[in-house]
Amino acid sequence: MSFKKKYPVENLINENEEDVFKIIDKILVEEKDVCLCPDCMMDVAAIALNNLEPHYRVFLVRPVHRDSELIVRRLRKVEEAVRNALSIVKKKPPSQYIKFIAPVAQLDRAPASGAGFAGSSSPPGRTN
């Protein structure tokens with residue numbers, strides 16, 4: 001039997017993940033020039049989470065005493081990661097280039113007409 005079937009893994013919570021989502025909501029109130037499409041927002045969350053160490057706890061078990069200074073430092077790191085992620089996505093939003101990405105099966109062959117992406121036979125960032 002697999003670990004996931006044997007144990008209640010849904011009780012493992014990454015606190016940084018929860019905090020990234022909360023901080024994105026907070027920052028979006030302040031920032032008005034951000035694309036809110038699902039592609040951009042998911043990229044912001046993914047970039048922020050990939051730049052943070054996971055901080056897991058078991059949902060049903062919480063420490064009785066939590067060091068508030070450590071929590072404040074961790075939340076500052078989370079906010080910094082979210083702001084950096086927003087900056088990255090603002091500079092190169094996926095909503096502007098995602099429409100040019102061909103399905104994987106089509107990437108290895110040039111278009112029949114010879115016309116391609118911006119005068120090339122490859123999508124942005126890909127060479128033949």
# chains A, B, ... in the order shown; residues from 1 in each chain; ligands from 1
>>> residues_around(residues="region 38-53 of chain A", least_positions_apart="3", cutoff="6 Å", atoms="only C-alpha atoms", output="list in words")
Ala81, Val82, Ala85, Leu86 and Pro94 of chain A
>>> select_by_dssp(residues="region 6-74 of chain A", states="alpha helix (DSSP H)", output="PDB file with C-alpha atoms, in the first residue's frame")
ATOM      1  CA  LYS A   6      -1.852   4.522   4.238  1.00  0.00           C
ATOM      2  CA  GLU A  15       2.589  27.173   6.006  1.00  0.00           C
ATOM      3  CA  ASN A  16       4.568  29.076   3.385  1.00  0.00           C
ATOM      4  CA  GLU A  17       2.039  28.024   0.754  1.00  0.00           C
ATOM      5  CA  GLU A  18      -0.871  29.341   2.792  1.00  0.00           C
ATOM      6  CA  ASP A  19       1.022  32.560   3.549  1.00  0.00           C
ATOM      7  CA  VAL A  20       2.025  33.092  -0.101  1.00  0.00           C
ATOM      8  CA  PHE A  21      -1.649  33.052  -1.088  1.00  0.00           C
ATOM      9  CA  LYS A  22      -2.593  35.456   1.730  1.00  0.00           C
ATOM     10  CA  ILE A  23       0.242  37.841   0.890  1.00  0.00           C
ATOM     11  CA  ILE A  24      -0.609  37.777  -2.827  1.00  0.00           C
ATOM     12  CA  ASP A  25      -4.142  38.859  -1.877  1.00  0.00           C
ATOM     13  CA  LYS A  26      -2.752  41.633   0.345  1.00  0.00           C
ATOM     14  CA  ILE A  27      -0.313  42.908  -2.299  1.00  0.00           C
ATOM     15  CA  LEU A  28      -2.919  42.854  -5.074  1.00  0.00           C
ATOM     16  CA  VAL A  29      -4.914  45.435  -3.097  1.00  0.00           C
ATOM     17  CA  GLU A  30      -1.878  47.753  -3.302  1.00  0.00           C
ATOM     18  CA  PRO A  38      -4.897  32.661 -13.987  1.00  0.00           C
ATOM     19  CA  ASP A  39      -1.609  32.101 -15.886  1.00  0.00           C
ATOM     20  CA  CYS A  40       0.042  35.169 -14.358  1.00  0.00           C
ATOM     21  CA  MET A  41      -1.288  34.574 -10.857  1.00  0.00           C
ATOM     22  CA  MET A  42      -0.252  30.905 -10.858  1.00  0.00           C
ATOM     23  CA  ASP A  43       3.219  31.896 -12.072  1.00  0.00           C
ATOM     24  CA  VAL A  44       3.528  34.419  -9.221  1.00  0.00           C
ATOM     25  CA  ALA A  45       2.592  31.757  -6.665  1.00  0.00           C
ATOM     26  CA  ALA A  46       4.852  29.099  -8.221  1.00  0.00           C
ATOM     27  CA  ILE A  47       7.877  31.407  -8.473  1.00  0.00           C
ATOM     28  CA  ALA A  48       7.440  32.608  -4.891  1.00  0.00           C
ATOM     29  CA  LEU A  49       7.021  29.070  -3.532  1.00  0.00           C
ATOM     30  CA  ASN A  50      10.001  27.770  -5.504  1.00  0.00           C
ATOM     31  CA  SER A  68       6.638  35.247  17.262  1.00  0.00           C
ATOM     32  CA  GLU A  69       9.988  36.670  16.133  1.00  0.00           C
ATOM     33  CA  LEU A  70      10.593  33.594  13.961  1.00  0.00           C
ATOM     34  CA  ILE A  71       7.105  33.899  12.498  1.00  0.00           C
ATOM     35  CA  VAL A  72       7.656  37.577  11.660  1.00  0.00           C
ATOM     36  CA  ARG A  73      10.989  36.777   9.967  1.00  0.00           C
ATOM     37  CA  ARG A  74       9.430  33.941   7.973  1.00  0.00           C
TER      38      ARG A  74
END
>>> atom_distance(atom1="CA of Asn11 (chain A)", atom2="CA of Pro54 (chain A)")
14.9 Å
>>> residues_around(residues="Tyr56 (chain A)", least_positions_apart="4", cutoff="7 Å", atoms="only C-alpha atoms", output="list in words")
Leu12, Ile13, Asn14 and Glu15 of chain A
>>> closest_residue(among="A:Ile88, A:Glu80, A:Glu10, A:Leu75", to="Arg57 (chain A)", atoms="only C-alpha atoms")
A:Glu10
